[in-house]
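Engineer: Pasting my_file_33.txt here (compact mmCIF, C-alpha atoms):
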# COMPACT_ATOMS: atom_id res chain seq x y z
CA MET J 16 -8.08 1.58 26.08
CA LYS J 17 -8.01 -2.05 24.93
CA LYS J 18 -10.95 -2.91 27.18
CA LEU J 19 -12.92 0.08 25.87
CA THR J 20 -12.25 -0.96 22.27
CA LEU J 21 -13.38 -4.51 23.02
CA ILE J 22 -16.56 -3.26 24.71
CA CYS J 23 -17.37 -1.08 21.67
CA PHE J 24 -16.83 -4.03 19.33
CA VAL J 25 -19.11 -6.32 21.34
CA ALA J 26 -21.75 -3.58 21.58
CA LEU J 27 -21.69 -3.05 17.84
CA LEU J 28 -22.14 -6.76 17.11
CA SER J 29 -24.90 -6.99 19.69
CA LEU J 30 -26.69 -4.09 18.01
CA ALA J 31 -26.39 -5.74 14.63
CA LEU J 32 -27.91 -8.96 15.97
CA THR J 33 -30.74 -7.35 17.94
CA VAL J 34 -32.04 -4.75 15.45
CA PRO J 35 -35.19 -6.10 13.76
CA VAL J 36 -34.37 -7.80 10.47
CA TYR J 37 -36.76 -5.55 8.56
CA ALA J 38 -34.95 -2.39 9.73
CA LEU J 39 -31.62 -2.97 7.98
CA GLU J 40 -29.52 -5.46 6.06
CA ASN J 41 -26.45 -6.85 7.83
CA GLN J 42 -23.46 -7.65 5.64
CA PHE J 43 -20.51 -9.63 7.06
CA GLY J 44 -17.17 -10.45 5.47
CA GLY J 45 -13.53 -10.87 6.29
CA TYR J 46 -10.01 -11.99 5.49
CA HIS J 47 -7.43 -14.20 7.18
CA ARG J 48 -3.81 -15.04 6.41
CA THR J 49 -1.09 -17.08 8.05
CA ARG J 50 2.47 -16.51 6.79
CA PHE J 51 5.66 -18.54 7.23
CA VAL J 52 8.78 -16.59 6.23
CA ASN J 53 12.56 -16.88 6.31
CA GLN J 54 14.60 -13.77 5.37
CA THR J 55 18.41 -13.71 5.49
CA ASP J 56 21.11 -11.08 4.86
CA PHE J 57 18.64 -8.23 4.27
CA ASP J 58 21.28 -5.89 5.72
CA GLY J 59 23.80 -7.10 3.13
CA ASP J 60 26.07 -8.54 5.82
CA SER J 61 26.07 -12.27 6.53
CA ASP J 62 28.11 -11.73 9.70
CA ALA J 63 25.42 -9.56 11.27
CA ARG J 64 22.22 -11.13 12.59
CA ALA J 65 20.01 -8.06 13.12
CA SER J 66 18.04 -8.50 9.88
CA GLU J 67 17.60 -12.29 10.10
CA LEU J 68 13.89 -13.14 10.30
CA GLN J 69 12.35 -16.58 10.75
CA ARG J 70 8.80 -16.46 12.02
CA THR J 71 5.12 -17.23 11.56
CA ASP J 72 2.57 -14.43 11.76
CA ALA J 73 -1.15 -14.03 11.18
CA ARG J 74 -3.78 -11.40 10.43
CA THR J 75 -7.57 -11.51 10.74
CA ARG J 76 -9.90 -8.83 9.41
CA LEU J 77 -13.64 -8.84 10.12
CA TYR J 78 -16.02 -6.59 8.16
CA TYR J 79 -19.48 -5.48 9.20
CA THR J 80 -21.70 -3.15 7.15
CA ALA J 81 -25.14 -2.02 8.23
CA VAL J 82 -27.13 -1.24 5.07
CA ILE J 83 -29.78 1.03 6.53
CA ASN J 84 -31.37 1.89 3.17
CA ASP J 85 -30.41 2.40 -0.48
CA ASN J 86 -28.73 5.71 0.34
CA LEU J 87 -27.08 5.00 3.70
CA LYS J 88 -24.52 2.49 4.99
CA PHE J 89 -22.41 2.21 8.15
CA VAL J 90 -19.12 0.46 7.31
CA ASN J 91 -16.75 -1.08 9.88
CA LYS J 92 -13.53 -3.10 9.52
CA PHE J 93 -11.72 -4.68 12.48
CA GLU J 94 -8.22 -6.16 12.49
CA PHE J 95 -6.11 -8.51 14.64
CA ASP J 96 -2.35 -8.99 14.01
CA TRP J 97 -0.09 -11.35 15.92
CA VAL J 98 3.06 -13.45 15.73
CA TRP J 99 3.05 -17.09 16.76
CA GLY J 100 4.63 -17.20 20.21
CA ASP J 101 4.34 -13.49 21.04
CA ASP J 102 2.80 -12.30 24.30
CA VAL J 103 -0.17 -10.42 22.83
CA LEU J 104 -2.03 -13.40 21.36
CA GLY J 105 0.35 -16.00 19.95
CA ASP J 106 1.70 -17.53 23.17
CA VAL J 107 0.35 -20.48 25.12
CA GLY J 108 -2.93 -19.42 26.68
CA ALA J 109 -3.65 -16.83 23.96
CA ASP J 110 -6.42 -14.52 25.33
CA GLY J 111 -5.07 -11.56 23.38
CA GLN J 112 -6.49 -8.04 23.61
CA ILE J 113 -5.33 -6.67 20.26
CA LEU J 114 -8.49 -5.55 18.51
CA GLU J 115 -7.82 -2.71 16.05
CA ILE J 116 -10.46 -0.56 14.38
CA LYS J 117 -9.20 -0.19 10.83
CA ASN J 118 -12.21 1.56 9.26
CA SER J 119 -15.44 3.05 10.61
CA TYR J 120 -17.35 5.46 8.42
CA LEU J 121 -20.70 6.56 7.04
CA ASP J 122 -21.32 5.93 3.33
CA PHE J 123 -24.30 7.90 2.02
CA ASN J 124 -25.74 9.47 -1.13
CA PHE J 125 -26.94 13.07 -1.18
CA MET J 126 -27.93 15.19 -4.19
CA ASP J 127 -26.41 12.78 -6.75
CA ALA J 128 -23.09 12.66 -4.85
CA ASN J 129 -21.61 9.91 -2.69
CA PHE J 130 -20.04 10.79 0.66
CA LYS J 131 -17.77 8.72 2.89
CA MET J 132 -17.21 10.34 6.29
CA GLY J 133 -15.05 8.84 9.02
CA THR J 134 -11.98 6.58 9.16
CA GLN J 135 -11.58 5.00 5.73
CA GLY J 136 -9.04 3.93 3.11
CA GLY J 137 -7.81 6.09 0.25
CA VAL J 138 -5.47 5.77 -2.75
CA ILE J 139 -3.78 8.63 -4.62
CA HIS J 140 -1.65 7.99 -7.71
CA ARG J 141 -1.66 4.19 -7.21
CA GLY J 142 0.05 4.59 -3.84
CA PHE J 143 2.95 6.72 -5.09
CA VAL J 144 1.38 9.55 -3.06
CA MET J 145 -1.05 7.68 -0.76
CA ASP J 146 -2.42 4.21 -0.09
CA ASP J 147 -3.48 4.18 3.54
CA ASP J 148 -6.30 4.66 6.03
CA PHE J 149 -7.20 8.14 7.27
CA SER J 150 -9.89 10.10 9.07
CA GLY J 151 -11.70 12.52 6.81
CA VAL J 152 -14.27 12.91 4.04
CA THR J 153 -14.38 11.61 0.46
CA VAL J 154 -16.92 12.91 -2.06
CA GLY J 155 -17.61 11.35 -5.46
CA PHE J 156 -19.72 13.00 -8.14
CA GLY J 157 -19.56 11.49 -11.61
CA GLY J 158 -15.91 11.44 -12.67
CA LEU J 159 -14.94 13.89 -9.91
CA THR J 160 -13.50 12.74 -6.58
CA ALA J 161 -12.51 15.07 -3.75
CA MET J 162 -10.95 14.14 -0.41
CA TYR J 163 -10.02 15.79 2.86
CA ALA J 164 -7.84 13.96 5.42
CA LYS J 165 -6.63 15.03 8.84
CA VAL J 166 -3.05 13.79 9.20
CA ASP J 167 -2.28 15.13 12.64
CA GLU J 168 -4.43 17.06 15.11
CA ASN J 169 -2.65 19.60 17.27
CA THR J 170 -4.65 19.06 20.45
CA ASP J 171 -2.88 21.66 22.62
CA CYS J 172 -3.45 24.54 20.12
CA SER J 173 0.28 25.38 20.13
CA GLY J 174 0.63 25.11 16.36
CA ASP J 175 -1.01 24.16 13.09
CA ASP J 176 -2.64 20.86 12.19
CA ASN J 177 -1.35 18.67 9.36
CA GLN J 178 -4.00 17.98 6.72
CA VAL J 179 -4.42 16.91 3.09
CA TRP J 180 -6.70 18.15 0.32
CA PHE J 181 -7.06 16.10 -2.86
CA GLY J 182 -9.05 16.20 -6.08
CA LYS J 183 -9.12 14.26 -9.34
CA TYR J 184 -11.30 14.07 -12.43
CA ALA J 185 -11.49 10.92 -14.57
CA ILE J 186 -11.96 11.53 -18.29
CA GLY J 187 -13.14 8.36 -20.00
CA MET J 188 -12.61 7.57 -23.66
CA ASP J 189 -12.83 4.40 -25.76
CA GLY J 190 -10.47 2.03 -23.94
CA LEU J 191 -8.64 4.91 -22.24
CA THR J 192 -9.03 6.87 -19.00
CA ILE J 193 -7.03 10.02 -18.28
CA THR J 194 -7.16 11.33 -14.70
CA PRO J 195 -5.60 14.66 -13.68
CA ASN J 196 -4.83 14.84 -9.94
CA VAL J 197 -3.94 17.59 -7.49
CA THR J 198 -2.90 16.97 -3.86
CA TYR J 199 -2.07 19.63 -1.27
CA PHE J 200 -0.43 18.95 2.12
CA ASP J 201 -1.01 21.81 4.56
CA LEU J 202 1.63 21.16 7.20
CA ALA J 203 2.66 22.58 10.56
CA ASP J 204 5.14 25.47 10.85
CA LYS J 205 3.78 26.96 7.62
CA ASP J 206 5.28 24.16 5.49
CA TRP J 207 3.29 23.17 2.42
CA ILE J 208 3.73 20.63 -0.37
CA TYR J 209 1.67 20.02 -3.48
CA PHE J 210 1.57 17.28 -6.11
CA LEU J 211 0.33 17.86 -9.67
CA GLY J 212 -0.08 14.65 -11.61
CA LEU J 213 -1.69 12.61 -14.32
CA ASP J 214 -2.76 8.95 -14.33
CA ILE J 215 -3.34 7.11 -17.61
CA ASP J 216 -5.03 3.71 -17.85
CA GLY J 217 -5.82 1.97 -21.12
CA SER J 218 -6.40 -1.31 -22.88
CA ALA J 219 -6.47 -2.52 -26.47
CA GLY J 220 -7.05 -6.15 -27.31
CA GLY J 221 -4.77 -8.23 -25.13
CA LEU J 222 -2.72 -5.19 -24.07
CA GLY J 223 -3.27 -3.29 -20.84
CA TYR J 224 -1.12 -0.33 -19.90
CA TRP J 225 -0.79 2.45 -17.33
CA ALA J 226 1.35 5.50 -16.63
CA THR J 227 1.72 8.08 -13.87
CA PHE J 228 3.42 11.48 -13.96
CA ILE J 229 3.81 13.56 -10.77
CA TYR J 230 5.47 16.91 -10.10
CA GLU J 231 6.08 17.95 -6.50
CA GLY J 232 6.51 21.54 -5.33
CA GLY J 233 6.17 23.66 -2.19
CA GLU J 234 8.20 25.13 0.64
CA VAL J 235 9.51 23.46 3.81
CA GLY J 236 11.90 24.23 6.63
CA VAL J 237 13.33 27.35 8.22
CA PRO J 238 14.54 29.24 6.29
CA ASP J 239 12.19 28.23 3.48
CA VAL J 240 13.55 25.61 1.10
CA ASP J 241 11.86 25.23 -2.30
CA VAL J 242 10.64 21.74 -3.22
CA ALA J 243 11.19 20.62 -6.83
CA ALA J 244 10.88 16.87 -7.35
CA TYR J 245 9.10 14.45 -9.66
CA LEU J 246 8.16 10.82 -10.29
CA ILE J 247 7.51 8.96 -13.55
CA ALA J 248 6.10 5.43 -13.65
CA GLY J 249 4.54 3.09 -16.17
CA GLY J 250 3.70 -0.50 -16.92
CA ALA J 251 2.03 -2.87 -19.32
CA SER J 252 0.66 -6.40 -19.49
CA VAL J 253 0.30 -8.48 -22.65
CA ALA J 254 -1.81 -11.63 -22.87
CA LEU J 255 0.26 -14.05 -24.96
CA SER J 256 -2.44 -16.72 -24.66
CA ASP J 257 -5.38 -17.62 -22.44
CA ALA J 258 -2.90 -19.00 -19.90
CA THR J 259 0.19 -16.79 -20.30
CA ASP J 260 0.87 -13.11 -19.75
CA LEU J 261 3.99 -10.96 -20.04
CA HIS J 262 4.24 -7.83 -17.92
CA PHE J 263 6.57 -4.85 -17.55
CA GLU J 264 6.99 -2.01 -15.07
CA ALA J 265 9.41 0.85 -14.46
CA PHE J 266 9.54 3.94 -12.24
CA TYR J 267 11.89 6.81 -11.51
CA ALA J 268 11.72 9.07 -8.47
CA THR J 269 14.17 11.90 -7.97
CA GLY J 270 16.73 11.94 -5.18
CA GLN J 271 18.68 14.72 -3.53
CA ASP J 272 21.67 16.18 -5.33
CA ASP J 273 24.00 17.41 -2.60
CA ASP J 274 25.06 20.35 -4.77
CA GLU J 275 21.50 21.69 -5.05
CA GLU J 276 19.88 24.01 -2.50
CA ASP J 277 16.32 22.99 -3.44
CA LEU J 278 14.72 19.84 -1.99
CA GLU J 279 14.83 17.54 -5.02
CA ALA J 280 14.13 14.17 -3.41
CA PHE J 281 10.57 12.98 -4.07
CA TYR J 282 8.97 12.99 -0.63
CA VAL J 283 5.45 12.41 0.74
CA PRO J 284 4.77 13.57 4.34
CA ALA J 285 2.32 10.76 5.15
CA GLY J 286 0.43 7.84 3.63
CA GLN J 287 2.70 6.79 0.75
CA SER J 288 2.83 3.03 0.11
CA TYR J 289 3.67 1.33 -3.19
CA TYR J 290 4.69 -2.34 -3.06
CA TRP J 291 6.86 -3.73 -5.88
CA SER J 292 9.52 -6.48 -5.67
CA GLU J 293 9.65 -9.12 -2.94
CA ILE J 294 12.97 -8.17 -1.30
CA MET J 295 13.60 -4.53 -2.26
CA GLY J 296 9.93 -3.48 -2.28
CA PHE J 297 8.16 -5.44 0.53
CA GLY J 298 6.13 -7.82 -1.70
CA ILE J 299 3.99 -10.45 0.08
CA PHE J 300 6.16 -10.49 3.23
CA ASP J 301 6.37 -6.82 4.16
CA GLU J 302 8.20 -6.84 7.48
CA GLN J 303 11.45 -5.41 6.07
CA ALA J 304 13.20 -4.44 2.83
CA SER J 305 16.83 -4.92 1.84
CA ASN J 306 19.47 -2.45 2.95
CA GLY J 307 19.55 0.81 0.99
CA SER J 308 16.15 0.36 -0.66
CA CYS J 309 13.29 2.81 -0.14
CA ALA J 310 10.86 -0.13 0.32
CA ASP J 311 7.29 1.12 -0.31
CA HIS J 312 8.15 4.83 0.22
CA ILE J 313 9.26 5.50 -3.34
CA THR J 314 12.07 8.05 -3.52
CA ASN J 315 15.60 8.36 -4.97
CA ILE J 316 15.27 5.25 -7.11
CA ILE J 317 15.26 3.89 -10.65
CA ALA J 318 13.65 0.46 -10.98
CA ALA J 319 12.54 -1.77 -13.86
CA ASN J 320 10.79 -5.13 -14.06
CA VAL J 321 9.92 -7.81 -16.59
CA GLY J 322 7.89 -10.84 -15.63
CA VAL J 323 5.77 -13.71 -16.87
CA GLY J 324 2.72 -15.42 -15.43
CA LEU J 325 1.49 -18.88 -16.41
CA LYS J 326 -1.77 -20.58 -15.45
CA LEU J 327 -1.05 -24.31 -15.38
CA SER J 328 -4.54 -25.40 -14.31
CA ASP J 329 -7.73 -24.09 -12.74
CA LYS J 330 -6.04 -24.35 -9.33
CA LEU J 331 -2.36 -23.66 -10.02
CA SER J 332 -0.55 -20.63 -11.46
CA VAL J 333 3.14 -19.70 -11.38
CA GLY J 334 5.13 -16.55 -12.03
CA ALA J 335 8.68 -15.30 -12.49
CA ASP J 336 9.88 -11.70 -12.21
CA LEU J 337 13.20 -9.99 -12.78
CA TRP J 338 13.85 -6.61 -11.13
CA TYR J 339 16.78 -4.22 -11.42
CA ALA J 340 17.08 -1.15 -9.19
CA MET J 341 19.57 1.59 -8.43
CA LEU J 342 19.59 4.87 -6.55
CA ALA J 343 18.85 7.96 -8.63
CA GLU J 344 21.47 9.87 -6.61
CA GLU J 345 24.46 8.22 -4.98
CA VAL J 346 24.58 7.76 -1.21
CA ASP J 347 28.12 7.68 0.21
CA GLY J 348 29.44 7.12 -3.31
CA GLU J 349 27.26 4.02 -3.93
CA ASP J 350 24.18 3.65 -6.12
CA GLU J 351 23.48 0.07 -7.24
CA LEU J 352 20.83 -1.85 -5.28
CA GLY J 353 21.07 -4.97 -7.41
CA THR J 354 19.19 -7.48 -9.55
CA GLU J 355 16.38 -9.47 -7.95
CA VAL J 356 14.77 -12.73 -9.09
CA ASP J 357 11.29 -13.54 -7.73
CA LEU J 358 9.62 -16.92 -8.25
CA SER J 359 6.06 -17.55 -7.08
CA ALA J 360 3.28 -20.13 -7.19
CA LYS J 361 -0.38 -19.84 -6.20
CA TYR J 362 -2.52 -22.91 -5.51
CA THR J 363 -6.20 -23.15 -4.56
CA ILE J 364 -6.29 -25.73 -1.76
CA VAL J 365 -10.07 -25.71 -1.41
CA GLU J 366 -12.60 -23.26 -2.79
CA GLY J 367 -12.05 -19.93 -1.03
CA MET J 368 -8.60 -20.81 0.35
CA SER J 369 -5.28 -20.29 -1.45
CA LEU J 370 -1.59 -20.96 -0.83
CA ASP J 371 1.11 -18.60 -2.12
CA VAL J 372 4.72 -19.80 -2.15
CA VAL J 373 7.55 -17.33 -2.85
CA GLY J 374 11.28 -17.67 -3.37
CA ALA J 375 13.37 -14.54 -3.98
CA TYR J 376 17.08 -13.78 -4.34
CA LEU J 377 18.80 -10.41 -4.68
CA PHE J 378 22.20 -10.20 -6.34
CA ALA J 379 23.31 -7.31 -4.17
CA GLY J 380 24.79 -4.11 -5.54
CA ASP J 381 27.22 -1.85 -3.68
CA ALA J 382 24.40 0.19 -2.09
CA THR J 383 22.92 -2.99 -0.57
CA GLY J 384 26.03 -4.64 0.85
CA GLU J 385 28.52 -7.41 0.30
CA ASP J 386 26.16 -10.35 0.80
CA ASP J 387 23.05 -11.34 -1.15
CA PRO J 388 19.65 -11.20 0.61
CA MET J 389 17.34 -14.20 0.21
CA GLU J 390 13.70 -14.89 1.07
CA ILE J 391 11.56 -18.03 1.22
CA GLY J 392 7.98 -17.93 2.40
CA ALA J 393 4.44 -19.29 2.24
CA ARG J 394 1.06 -17.63 2.85
CA PHE J 395 -2.27 -19.33 3.47
CA SER J 396 -5.21 -16.96 2.97
CA ILE J 397 -8.99 -16.87 2.79
CA SER J 398 -11.48 -14.11 2.07
CA PHE J 399 -15.25 -14.13 2.42
Since I need it in another form, could you write the structure as C-alpha cells?
Structural biologist:
Amino acid sequence: MKKLTLICFVALLSLALTVPVYALENQFGGYHRTRFVNQTDFDGDSDARASELQRTDARTRLYYTAVINDNLKFVNKFEFDWVWGDDVLGDVGADGQILEIKNSYLDFNFMDANFKMGTQGGVIHRGFVMDDDFSGVTVGFGGLTAMYAKVDENTDCSGDDNQVWFGKYAIGMDGLTITPNVTYFDLADKDWIYFLGLDIDGSAGGLGYWATFIYEGGEVGVPDVDVAAYLIAGGASVALSDATDLHFEAFYATGQDDDEEDLEAFYVPAGQSYYWSEIMGFGIFDEQASNGSCADHITNIIAANVGVGLKLSDKLSVGADLWYAMLAEEVDGEDELGTEVDLSAKYTIVEGMSLDVVGAYLFAGDATGEDDPMEIGARFSISF
C-alpha cells in the first residue's frame, strides 16, 4: 500500500511537470514544523512514568493545486509525520515510506455554486462538532453551505453506513454575522443524532466577539435511549493598544448525570476537535492531555480563560493565559481539573520562519491527580 501511494504521488508530480504550461497553472505550497517537547506528570502521579514524554517530532505538508481554468481546480495535500529516532523515517538511514494523502478533491463552479468533491477538510461550529478531514461533497451558494460526509462505509453490506449531513446559512449585518446550523449523523443500527445550533461573530471598534449555542438530540442504543445534551461557548478580544490585546473565553458542555435515563453528555460520533489550553486542551503540543480532561473532544466540562498578548517588536510577541476547568458532572466523586498557567513567546527568526516557545503548569485538581503536570516546548515552523 505504501509503495502504491508513493507511485501515485510521483505520477501526479510528473504529470504536473509535463503538462504544457499553457494548459494549466501549477500552484505549490507547504508547511513544515519541528517540535521539541518535555511533558511530565500528565497522569497526575509523579511516581508513574507512563505519561512522561521527552521527544522531538516533525511534520511536513506539501500542497499541489492544478488550476485548470477559472472554474475548475484539482487540490492535493500530502503529509509526512515522524519522530526523531523512530523506525519509519527518523532513525539513522532514514528512507521512510510514510507518505499520507491528507486531501485530494475537485473544486469547481457550476450554476453560481461552488462544489468541493473528494477528500477535504471541514469545520462545523468552530470544531465543537467537527474540525477534520472527510470524504464527501461541500456546496457553497451565497451565504448557504451544505455538506455530505461519509464517516464509515459498510463494505460487506451487513449493516448501515455512518454518514453526516450538514447545512448552515450565514446572515450578514453591519459588523455582525449570525449563522444557524443543522447537523445530522445517520448512524449504523438505526442510531441517529442531530445538532441544532447558532454561531455569532461580531466586531465593534477594537472589540471582537463570538458565541456558539448547540443543542443535541436523537436516539442511540438498544433499547433506544433519548439524547438531550447541549454546549454553550463564547469569547471576546479587546485591543488595548496597537501592541496589546486582552482576550476571554468560556465554554460549558453537559455531562452525564447518573440518575438520568437520557444520554445527557455532549457527544459527537466523529470529527470533533477543539483545541484550547496547552495541558488540558492539547495546545501546540497535542500528543496528550492531562488526566481527567476531555482534551479536544469537548464534553462534561466547564472551562474559562483570560489572557493577554503583547507585541514587543516586529519580530517578537509574548502571551500569558490563565485557564480554570472542572467537570460538569462528577466522576468517582471528583470534579476539579485545576488551574493552568500558559506562557508563550513567538519570534520570527528569518522571514517566513518562526519559533514558538511554550511553558505551561497545571495546579492539579482532584479529578487530575495528586501531582501537577508541567510542559516545556519549542516549535520551529515555516509555511510557503
Engineer: So, with only C-alpha atoms as the atoms that count, which of J:Val321, J:Val154, J:Ala285, J:Ala335 lies closest to J:Asn129?
Structural biologist: J:Val154
Engineer: For stretch 82-91 of chain J, work out the shell of residues within 7 Å, counting all atoms listed in the file and skipping chain neighbours fewer than 6 positions away, then give it as a PyMOL selection string.
Structural biologist: chain J and resi 38-41+118-124
Engineer: Keeping C-alpha atoms, export the residues of the selection given above as a compact mmCIF listing (two decimals), keeping the file's coordinate frame.
Structural biologist:
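Wrote out-v3.txt, looks like this:
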# COMPACT_ATOMS: atom_id res chain seq x y z
CA ALA J 38 -34.95 -2.39 9.73
CA LEU J 39 -31.62 -2.97 7.98
CA GLU J 40 -29.52 -5.46 6.06
CA ASN J 41 -26.45 -6.85 7.83
CA ASN J 118 -12.21 1.56 9.26
CA SER J 119 -15.44 3.05 10.61
CA TYR J 120 -17.35 5.46 8.42
CA LEU J 121 -20.70 6.56 7.04
CA ASP J 122 -21.32 5.93 3.33
CA PHE J 123 -24.30 7.90 2.02
CA ASN J 124 -25.74 9.47 -1.13
Engineer: Between J:Leu114, J:Met341, J:Ile316, J:Val323, which residue has the minimum interatomic distance to J:Phe263, considering all atoms listed in the file?
Structural biologist: J:Val323
Engineer: Please list, as a VMD selection string, the residues that have an atom at most 7 Å away from (0.3, -14.3, 9.5) in the coordinates of this file, counting all atoms listed in the file.
Structural biologist: chain J and resid 48 to 50 71 to 74 98
Engineer: If we count all atoms listed in the file, what is near J:Ala185 at a cut-off of 7 Å, once residues fewer than 5 positions away on the same chain are taken out, given as number ranges by chain?
Structural biologist: J: 158-159, 192-194
Engineer: List every protein, DNA or RNA residue that has at least one atom no more than 8 Å from (7.4, 22.6, 2.3) in the file's coordinates, counting only C-alpha atoms, and write the result as JSON, numbers by chain.
Structural biologist: {"J": [202, 205, 206, 207, 208, 232, 233, 234, 235, 236, 239, 240, 241, 242]}
Engineer: Grab the atom CA of J:Ser252 to atom CA of J:Ser218 distance for me, in Å with one decimal place.
Structural biologist: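 Separation between atom CA of J:Ser252 and atom CA of J:Ser218: 9.3 Å.
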Engineer: So, with all atoms listed in the file as the atoms that count, which of J:Met126, J:Val138, J:Ala203, J:Met389 lies closest to J:Lys183?
Structural biologist: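 With all atoms listed in the file as the atom set, the closest residue is J:Val138.
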Engineer: Rank nothing, just name the residue among J:Thr354, J:Gln287, J:Ser369, J:Ser150 nearest to J:Ser305, using all atoms listed in the file.
Structural biologist: J:Thr354
Engineer: Using all atoms listed in the file, determine which residues lie at most 12 Å from stretch 325-334 of chain J, disregarding the query and same-chain residues fewer than 2 positions distant; provide the list as a PyMOL selection string.
Structural biologist: chain J and resi 254-262+321-323+336-337+356-375
Engineer: Using atom CA of J:Glu168 and atom CA of J:Thr134 as the two end points, give the distance in Å to one decimal.
Structural biologist: 14.2 Å
Engineer: Just give me the gap between atom CA of J:Asp56 and atom CA of J:Glu385 in Å, one decimal is fine.
Structural biologist: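 Distance reported for this atom pair: 9.4 Å.
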Engineer: Pick out the closest residue to J:Gly137 from this set: J:Glu67, J:Asp101, J:Ser288, J:Trp225. Count all atoms listed in the file.
Structural biologist: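 Of the candidates, the smallest distance to J:Gly137 is held by J:Ser288.
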Engineer: Compare J:Trp180, J:Asp204, J:Gly190, J:Gln69 by their minimum atom-to-atom distance to J:Thr55, counting all atoms listed in the file, and give me the closest one.
Structural biologist: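 Counting all atoms listed in the file, the residue closest to J:Thr55 is J:Gln69.
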Engineer: What's the 8 Å shell around stretch 292-303 of chain J, counting all atoms listed in the file, without same-chain residues fewer than 6 positions away, as a list in words?
Structural biologist: Arg50, Val52, Phe57, Cys309, Ala310, Asp311, Trp338, Glu355, Asp357, Ala375, Tyr376, Leu377, Pro388, Met389, Glu390 and Gly392 of chain J
Engineer: Limited to C-alpha atoms, could you put the picked residues into a file as a PDB file, keeping the file's coordinate frame?
Structural biologist:
ATOM      1  CA  ARG J  50       2.470 -16.510   6.790  1.00  0.00           C
ATOM      2  CA  VAL J  52       8.780 -16.590   6.230  1.00  0.00           C
ATOM      3  CA  PHE J  57      18.640  -8.230   4.270  1.00  0.00           C
ATOM      4  CA  CYS J 309      13.290   2.810  -0.140  1.00  0.00           C
ATOM      5  CA  ALA J 310      10.860  -0.130   0.320  1.00  0.00           C
ATOM      6  CA  ASP J 311       7.290   1.120  -0.310  1.00  0.00           C
ATOM      7  CA  TRP J 338      13.850  -6.610 -11.130  1.00  0.00           C
ATOM      8  CA  GLU J 355      16.380  -9.470  -7.950  1.00  0.00           C
ATOM      9  CA  ASP J 357      11.290 -13.540  -7.730  1.00  0.00           C
ATOM     10  CA  ALA J 375      13.370 -14.540  -3.980  1.00  0.00           C
ATOM     11  CA  TYR J 376      17.080 -13.780  -4.340  1.00  0.00           C
ATOM     12  CA  LEU J 377      18.800 -10.410  -4.680  1.00  0.00           C
ATOM     13  CA  PRO J 388      19.650 -11.200   0.610  1.00  0.00           C
ATOM     14  CA  MET J 389      17.340 -14.200   0.210  1.00  0.00           C
ATOM     15  CA  GLU J 390      13.700 -14.890   1.070  1.00  0.00           C
ATOM     16  CA  GLY J 392       7.980 -17.930   2.400  1.00  0.00           C
TER      17      GLY J 392
END
